[in-house]
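Q: Next comes the structure file data_5.txt, holding compact mmCIF, N, CA and C atoms.
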# COMPACT_ATOMS: atom_id res chain seq x y z
N MET A 1 -18.07 0.87 -11.17
CA MET A 1 -16.70 0.85 -10.69
C MET A 1 -16.42 2.17 -9.98
N SER A 2 -15.66 2.09 -8.94
CA SER A 2 -15.33 3.26 -8.12
C SER A 2 -14.36 4.19 -8.82
N GLU A 3 -14.34 5.42 -8.37
CA GLU A 3 -13.37 6.40 -8.86
C GLU A 3 -11.97 6.03 -8.37
N ASP A 4 -11.85 5.60 -7.12
CA ASP A 4 -10.57 5.28 -6.51
C ASP A 4 -10.77 4.04 -5.65
N PHE A 5 -10.24 2.91 -6.07
CA PHE A 5 -10.45 1.65 -5.37
C PHE A 5 -10.03 1.74 -3.91
N TYR A 6 -8.86 2.33 -3.65
CA TYR A 6 -8.36 2.39 -2.28
C TYR A 6 -9.30 3.15 -1.36
N CYS A 7 -9.74 4.31 -1.77
CA CYS A 7 -10.61 5.13 -0.92
C CYS A 7 -12.05 4.63 -0.94
N ASP A 8 -12.59 4.41 -2.13
CA ASP A 8 -14.00 4.07 -2.26
C ASP A 8 -14.32 2.64 -1.86
N GLU A 9 -13.40 1.74 -2.02
CA GLU A 9 -13.68 0.34 -1.72
C GLU A 9 -13.00 -0.15 -0.44
N VAL A 10 -11.69 0.00 -0.36
CA VAL A 10 -10.96 -0.55 0.78
C VAL A 10 -11.22 0.25 2.05
N LEU A 11 -10.98 1.54 2.02
CA LEU A 11 -11.12 2.34 3.23
C LEU A 11 -12.57 2.48 3.69
N SER A 12 -13.51 2.40 2.77
CA SER A 12 -14.93 2.48 3.15
C SER A 12 -15.43 1.17 3.75
N GLY A 13 -14.70 0.08 3.50
CA GLY A 13 -15.13 -1.23 4.01
C GLY A 13 -15.98 -2.01 3.03
N LYS A 14 -16.28 -1.43 1.86
CA LYS A 14 -17.08 -2.15 0.85
C LYS A 14 -16.38 -3.42 0.38
N THR A 15 -15.08 -3.34 0.23
CA THR A 15 -14.28 -4.50 -0.14
C THR A 15 -13.48 -4.90 1.10
N PRO A 16 -13.80 -6.06 1.69
CA PRO A 16 -13.07 -6.48 2.89
C PRO A 16 -11.62 -6.84 2.55
N VAL A 17 -10.72 -6.50 3.46
CA VAL A 17 -9.30 -6.80 3.27
C VAL A 17 -8.75 -7.46 4.53
N ASN A 18 -7.68 -8.20 4.34
CA ASN A 18 -6.98 -8.83 5.44
C ASN A 18 -5.87 -7.86 5.86
N LYS A 19 -6.09 -7.15 6.96
CA LYS A 19 -5.15 -6.12 7.41
C LYS A 19 -3.88 -6.76 7.95
N VAL A 20 -2.75 -6.14 7.59
CA VAL A 20 -1.45 -6.57 8.07
C VAL A 20 -1.01 -5.67 9.22
N TYR A 21 -1.22 -4.38 9.05
CA TYR A 21 -0.81 -3.39 10.04
C TYR A 21 -1.60 -2.12 9.78
N GLU A 22 -1.91 -1.39 10.86
CA GLU A 22 -2.71 -0.17 10.69
C GLU A 22 -2.32 0.85 11.74
N THR A 23 -2.26 2.10 11.29
CA THR A 23 -2.07 3.23 12.20
C THR A 23 -3.27 4.16 12.00
N GLU A 24 -3.24 5.28 12.65
CA GLU A 24 -4.34 6.24 12.49
C GLU A 24 -4.47 6.73 11.06
N ASN A 25 -3.33 6.83 10.34
CA ASN A 25 -3.34 7.43 9.00
C ASN A 25 -2.93 6.51 7.86
N VAL A 26 -2.52 5.27 8.16
CA VAL A 26 -1.98 4.37 7.14
C VAL A 26 -2.54 2.97 7.34
N LEU A 27 -2.79 2.28 6.22
CA LEU A 27 -3.28 0.90 6.26
C LEU A 27 -2.39 0.02 5.38
N ALA A 28 -1.97 -1.11 5.93
CA ALA A 28 -1.25 -2.13 5.16
C ALA A 28 -2.14 -3.36 5.14
N TYR A 29 -2.35 -3.93 3.95
CA TYR A 29 -3.23 -5.09 3.84
C TYR A 29 -2.76 -6.01 2.73
N HIS A 30 -3.19 -7.28 2.81
CA HIS A 30 -2.88 -8.22 1.75
C HIS A 30 -3.69 -7.83 0.51
N HIS A 31 -3.04 -7.82 -0.62
CA HIS A 31 -3.66 -7.46 -1.90
C HIS A 31 -4.95 -8.27 -2.08
N THR A 32 -5.99 -7.65 -2.60
CA THR A 32 -7.27 -8.34 -2.79
C THR A 32 -7.24 -9.35 -3.92
N ARG A 33 -6.34 -9.14 -4.88
CA ARG A 33 -6.14 -10.11 -5.96
C ARG A 33 -4.63 -10.31 -6.14
N PRO A 34 -4.01 -11.04 -5.21
CA PRO A 34 -2.55 -11.15 -5.21
C PRO A 34 -2.01 -11.86 -6.44
N PHE A 35 -0.90 -11.36 -6.92
CA PHE A 35 -0.20 -11.99 -8.03
C PHE A 35 0.93 -12.87 -7.50
N TYR A 36 1.32 -12.63 -6.24
CA TYR A 36 2.41 -13.35 -5.60
C TYR A 36 1.90 -14.00 -4.32
N PRO A 37 2.62 -15.01 -3.80
CA PRO A 37 2.18 -15.66 -2.56
C PRO A 37 2.00 -14.68 -1.38
N VAL A 38 2.90 -13.72 -1.25
CA VAL A 38 2.76 -12.65 -0.26
C VAL A 38 2.77 -11.35 -1.04
N HIS A 39 1.65 -10.62 -1.03
CA HIS A 39 1.51 -9.39 -1.83
C HIS A 39 0.77 -8.38 -0.96
N ILE A 40 1.49 -7.40 -0.46
CA ILE A 40 0.96 -6.44 0.51
C ILE A 40 0.95 -5.04 -0.08
N VAL A 41 -0.11 -4.30 0.19
CA VAL A 41 -0.26 -2.92 -0.27
C VAL A 41 -0.32 -2.01 0.96
N VAL A 42 0.37 -0.90 0.91
CA VAL A 42 0.36 0.10 2.00
C VAL A 42 -0.16 1.40 1.41
N ILE A 43 -1.20 1.95 2.03
CA ILE A 43 -1.82 3.17 1.51
C ILE A 43 -2.08 4.18 2.63
N PRO A 44 -2.09 5.46 2.28
CA PRO A 44 -2.55 6.45 3.25
C PRO A 44 -4.07 6.34 3.35
N LYS A 45 -4.63 6.69 4.48
CA LYS A 45 -6.08 6.62 4.66
C LYS A 45 -6.79 7.85 4.12
N ARG A 46 -6.06 8.67 3.41
CA ARG A 46 -6.64 9.86 2.78
C ARG A 46 -6.22 9.85 1.33
N HIS A 47 -7.13 10.22 0.46
CA HIS A 47 -6.81 10.24 -0.97
C HIS A 47 -5.75 11.30 -1.25
N ILE A 48 -4.74 10.90 -1.99
CA ILE A 48 -3.70 11.82 -2.46
C ILE A 48 -3.68 11.72 -3.97
N SER A 49 -4.11 12.75 -4.64
CA SER A 49 -4.24 12.70 -6.09
C SER A 49 -2.92 12.88 -6.82
N SER A 50 -1.96 13.54 -6.19
CA SER A 50 -0.69 13.79 -6.85
C SER A 50 0.33 14.23 -5.81
N LEU A 51 1.58 13.86 -6.02
CA LEU A 51 2.62 14.32 -5.10
C LEU A 51 2.76 15.83 -5.15
N ILE A 52 2.46 16.46 -6.28
CA ILE A 52 2.62 17.91 -6.37
C ILE A 52 1.49 18.66 -5.67
N THR A 53 0.42 17.97 -5.29
CA THR A 53 -0.66 18.63 -4.55
C THR A 53 -0.48 18.53 -3.04
N LEU A 54 0.57 17.81 -2.60
CA LEU A 54 0.81 17.69 -1.17
C LEU A 54 1.17 19.04 -0.57
N GLU A 55 0.72 19.25 0.63
CA GLU A 55 1.04 20.47 1.37
C GLU A 55 2.19 20.18 2.33
N ASP A 56 2.83 21.22 2.84
CA ASP A 56 3.88 21.02 3.84
C ASP A 56 3.35 20.26 5.05
N SER A 57 2.08 20.46 5.35
CA SER A 57 1.48 19.78 6.50
C SER A 57 1.32 18.27 6.28
N ASP A 58 1.51 17.80 5.05
CA ASP A 58 1.40 16.36 4.74
C ASP A 58 2.70 15.60 4.98
N THR A 59 3.75 16.30 5.35
CA THR A 59 5.04 15.65 5.56
C THR A 59 4.93 14.53 6.59
N GLY A 60 4.21 14.78 7.67
CA GLY A 60 4.04 13.76 8.71
C GLY A 60 3.36 12.51 8.19
N LEU A 61 2.38 12.68 7.30
CA LEU A 61 1.69 11.53 6.71
C LEU A 61 2.65 10.69 5.87
N LEU A 62 3.49 11.35 5.08
CA LEU A 62 4.44 10.62 4.25
C LEU A 62 5.49 9.90 5.10
N VAL A 63 5.92 10.53 6.17
CA VAL A 63 6.88 9.88 7.07
C VAL A 63 6.21 8.66 7.72
N GLU A 64 4.96 8.81 8.14
CA GLU A 64 4.23 7.69 8.74
C GLU A 64 4.03 6.56 7.73
N LEU A 65 3.70 6.92 6.49
CA LEU A 65 3.52 5.92 5.43
C LEU A 65 4.81 5.11 5.24
N LEU A 66 5.93 5.80 5.11
CA LEU A 66 7.20 5.11 4.91
C LEU A 66 7.62 4.32 6.15
N SER A 67 7.24 4.79 7.31
CA SER A 67 7.52 4.06 8.55
C SER A 67 6.77 2.72 8.57
N VAL A 68 5.52 2.75 8.13
CA VAL A 68 4.73 1.51 8.05
C VAL A 68 5.31 0.59 6.98
N VAL A 69 5.70 1.16 5.84
CA VAL A 69 6.33 0.36 4.78
C VAL A 69 7.56 -0.34 5.34
N LYS A 70 8.40 0.39 6.06
CA LYS A 70 9.62 -0.18 6.62
C LYS A 70 9.30 -1.30 7.61
N LYS A 71 8.33 -1.09 8.49
CA LYS A 71 7.98 -2.10 9.49
C LYS A 71 7.45 -3.36 8.83
N VAL A 72 6.49 -3.22 7.93
CA VAL A 72 5.89 -4.38 7.28
C VAL A 72 6.90 -5.09 6.39
N ALA A 73 7.73 -4.33 5.68
CA ALA A 73 8.76 -4.94 4.83
C ALA A 73 9.74 -5.74 5.69
N SER A 74 10.12 -5.19 6.83
CA SER A 74 11.02 -5.92 7.74
C SER A 74 10.38 -7.20 8.22
N ASP A 75 9.09 -7.15 8.51
CA ASP A 75 8.37 -8.35 8.94
C ASP A 75 8.35 -9.41 7.84
N VAL A 76 8.14 -8.98 6.60
CA VAL A 76 8.12 -9.92 5.48
C VAL A 76 9.50 -10.56 5.31
N VAL A 77 10.56 -9.76 5.40
CA VAL A 77 11.91 -10.30 5.28
C VAL A 77 12.16 -11.31 6.40
N SER A 78 11.77 -10.97 7.63
CA SER A 78 11.97 -11.88 8.76
C SER A 78 11.22 -13.19 8.57
N GLU A 79 10.00 -13.11 8.08
CA GLU A 79 9.16 -14.29 7.93
C GLU A 79 9.47 -15.08 6.66
N GLN A 80 9.82 -14.39 5.57
CA GLN A 80 9.95 -15.05 4.28
C GLN A 80 11.38 -15.11 3.74
N GLY A 81 12.25 -14.27 4.25
CA GLY A 81 13.63 -14.31 3.79
C GLY A 81 13.99 -13.31 2.70
N GLY A 82 13.05 -12.53 2.20
CA GLY A 82 13.34 -11.54 1.17
C GLY A 82 12.07 -10.87 0.69
N LEU A 83 12.21 -9.88 -0.18
CA LEU A 83 11.06 -9.22 -0.79
C LEU A 83 11.48 -8.38 -1.97
N SER A 84 10.52 -8.03 -2.79
CA SER A 84 10.69 -7.06 -3.86
C SER A 84 9.66 -5.96 -3.61
N SER A 85 9.92 -4.76 -4.09
CA SER A 85 8.97 -3.68 -3.81
C SER A 85 8.94 -2.66 -4.93
N TYR A 86 7.87 -1.87 -4.93
CA TYR A 86 7.78 -0.71 -5.80
C TYR A 86 6.77 0.26 -5.21
N ASN A 87 6.93 1.52 -5.55
CA ASN A 87 5.90 2.49 -5.18
C ASN A 87 5.29 3.01 -6.46
N LYS A 88 4.10 3.53 -6.35
CA LYS A 88 3.47 4.01 -7.57
C LYS A 88 2.63 5.24 -7.30
N LEU A 89 2.61 6.08 -8.25
CA LEU A 89 1.67 7.19 -8.33
C LEU A 89 1.35 7.24 -9.81
N ARG A 90 0.27 6.62 -10.16
CA ARG A 90 -0.08 6.53 -11.57
C ARG A 90 -1.57 6.46 -11.73
N LYS A 91 -2.01 6.74 -12.92
CA LYS A 91 -3.42 6.64 -13.22
C LYS A 91 -3.72 5.22 -13.66
N VAL A 92 -4.60 4.58 -12.94
CA VAL A 92 -4.99 3.22 -13.27
C VAL A 92 -6.10 3.32 -14.31
N PRO A 93 -5.99 2.62 -15.47
CA PRO A 93 -6.95 2.80 -16.56
C PRO A 93 -8.42 2.67 -16.15
N ARG A 94 -8.74 1.74 -15.25
CA ARG A 94 -10.16 1.56 -14.91
C ARG A 94 -10.67 2.57 -13.89
N PHE A 95 -9.77 3.38 -13.33
CA PHE A 95 -10.17 4.42 -12.40
C PHE A 95 -9.92 5.79 -13.03
N LYS A 96 -10.61 6.80 -12.54
CA LYS A 96 -10.46 8.13 -13.13
C LYS A 96 -9.47 9.00 -12.38
N THR A 97 -8.96 8.51 -11.24
CA THR A 97 -8.06 9.33 -10.45
C THR A 97 -6.71 8.64 -10.29
N PHE A 98 -5.74 9.40 -9.82
CA PHE A 98 -4.43 8.85 -9.53
C PHE A 98 -4.47 8.19 -8.16
N THR A 99 -3.57 7.27 -7.94
CA THR A 99 -3.49 6.62 -6.63
C THR A 99 -2.05 6.60 -6.16
N LEU A 100 -1.86 6.70 -4.87
CA LEU A 100 -0.55 6.58 -4.26
C LEU A 100 -0.59 5.33 -3.41
N ALA A 101 0.27 4.38 -3.69
CA ALA A 101 0.33 3.15 -2.92
C ALA A 101 1.75 2.61 -2.97
N TYR A 102 2.09 1.82 -2.00
CA TYR A 102 3.38 1.17 -1.96
C TYR A 102 3.11 -0.32 -1.85
N SER A 103 3.60 -1.11 -2.77
CA SER A 103 3.36 -2.55 -2.76
C SER A 103 4.67 -3.29 -2.61
N PHE A 104 4.63 -4.40 -1.91
CA PHE A 104 5.77 -5.28 -1.91
C PHE A 104 5.29 -6.70 -1.80
N TRP A 105 6.16 -7.60 -2.22
CA TRP A 105 5.74 -8.99 -2.31
C TRP A 105 6.95 -9.89 -2.11
N TYR A 106 6.65 -11.12 -1.85
CA TYR A 106 7.67 -12.15 -1.73
C TYR A 106 7.29 -13.27 -2.68
N THR A 107 8.21 -13.68 -3.53
CA THR A 107 7.89 -14.71 -4.50
C THR A 107 8.49 -16.06 -4.18
N TYR A 108 9.72 -16.10 -3.68
CA TYR A 108 10.36 -17.36 -3.36
C TYR A 108 11.61 -17.11 -2.53
N LYS A 109 12.04 -18.13 -1.81
CA LYS A 109 13.29 -18.02 -1.05
C LYS A 109 14.45 -18.42 -1.95
N ILE A 110 15.54 -17.71 -1.83
CA ILE A 110 16.75 -18.08 -2.55
C ILE A 110 17.52 -19.06 -1.65
N ILE A 111 17.78 -20.23 -2.16
CA ILE A 111 18.48 -21.24 -1.37
C ILE A 111 19.94 -21.22 -1.80
N GLY A 112 20.85 -21.13 -0.85
CA GLY A 112 22.24 -21.07 -1.25
C GLY A 112 23.20 -21.11 -0.12
Take the structure in the file and give it back as structure tokens.

A:
Amino acid sequence: MSEDFYCDEVLSGKTPVNKVYETENVLAYHHTRPFYPVHIVVIPKRHISSLITLEDSDTGLLVELLSVVKKVASDVVSEQGGLSSYNKLRKVPRFKTFTLAYSFWYTYKIIG
């Protein structure tokens, strides 16, 4: 098992993903094991172990990451009618490092 799934598997190409949107520094893709009908993950293309280790020079990366989140989330709302979201910076038990990712998903349309 990899130290960091996002860097070691997704970004290296070892685990193929269905890309939703990509910039020079950010990747949005459909979750490899989705729990919801539409389940998208947005990650920086560089490992970030902790928010407290970020440098001032990383501000542009975070702005770009949130810009991609906003664009893809807007697309999901336009196509599906709604979404739920969360961001995370946590240690995943099966990995030894922290991960920074933003996930959002669509579960159903509210009819009314």

Q: Name the residues in contact with Ala28 (chain A) at a cut-off of 7 Å, using only C-alpha atoms, excluding same-chain residues fewer than 4 positions from it; report them as a list in words.

A: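 In the requested form, the answer reads Lys19, Val20, Tyr21, Glu22, Ile40, Val41, Val42 and Ile43 of chain A.
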
Q: With 4 Å on each side, where is the centre of the axis-aligned box around all listed atoms of region 30-48 of chain A, and how long are its edges in Å to one decimal, as AutoDock Vina command-line options?

A:
--center_x -2.2 --center_y -1.9 --center_z -1.7 --size_x 18.2 --size_y 35.5 --size_z 20.7

Q: With distances taken over all atoms listed in the file, which residue among A:Gly81, A:Lys45, A:Glu64, A:His39 lies nearest Leu11 (chain A)?

A: A:Lys45

Q: Have a look at atom C of Val10 (chain A) and atom N of Thr23 (chain A) and let me know their distance in Å, one decimal.

A: 13.0 Å
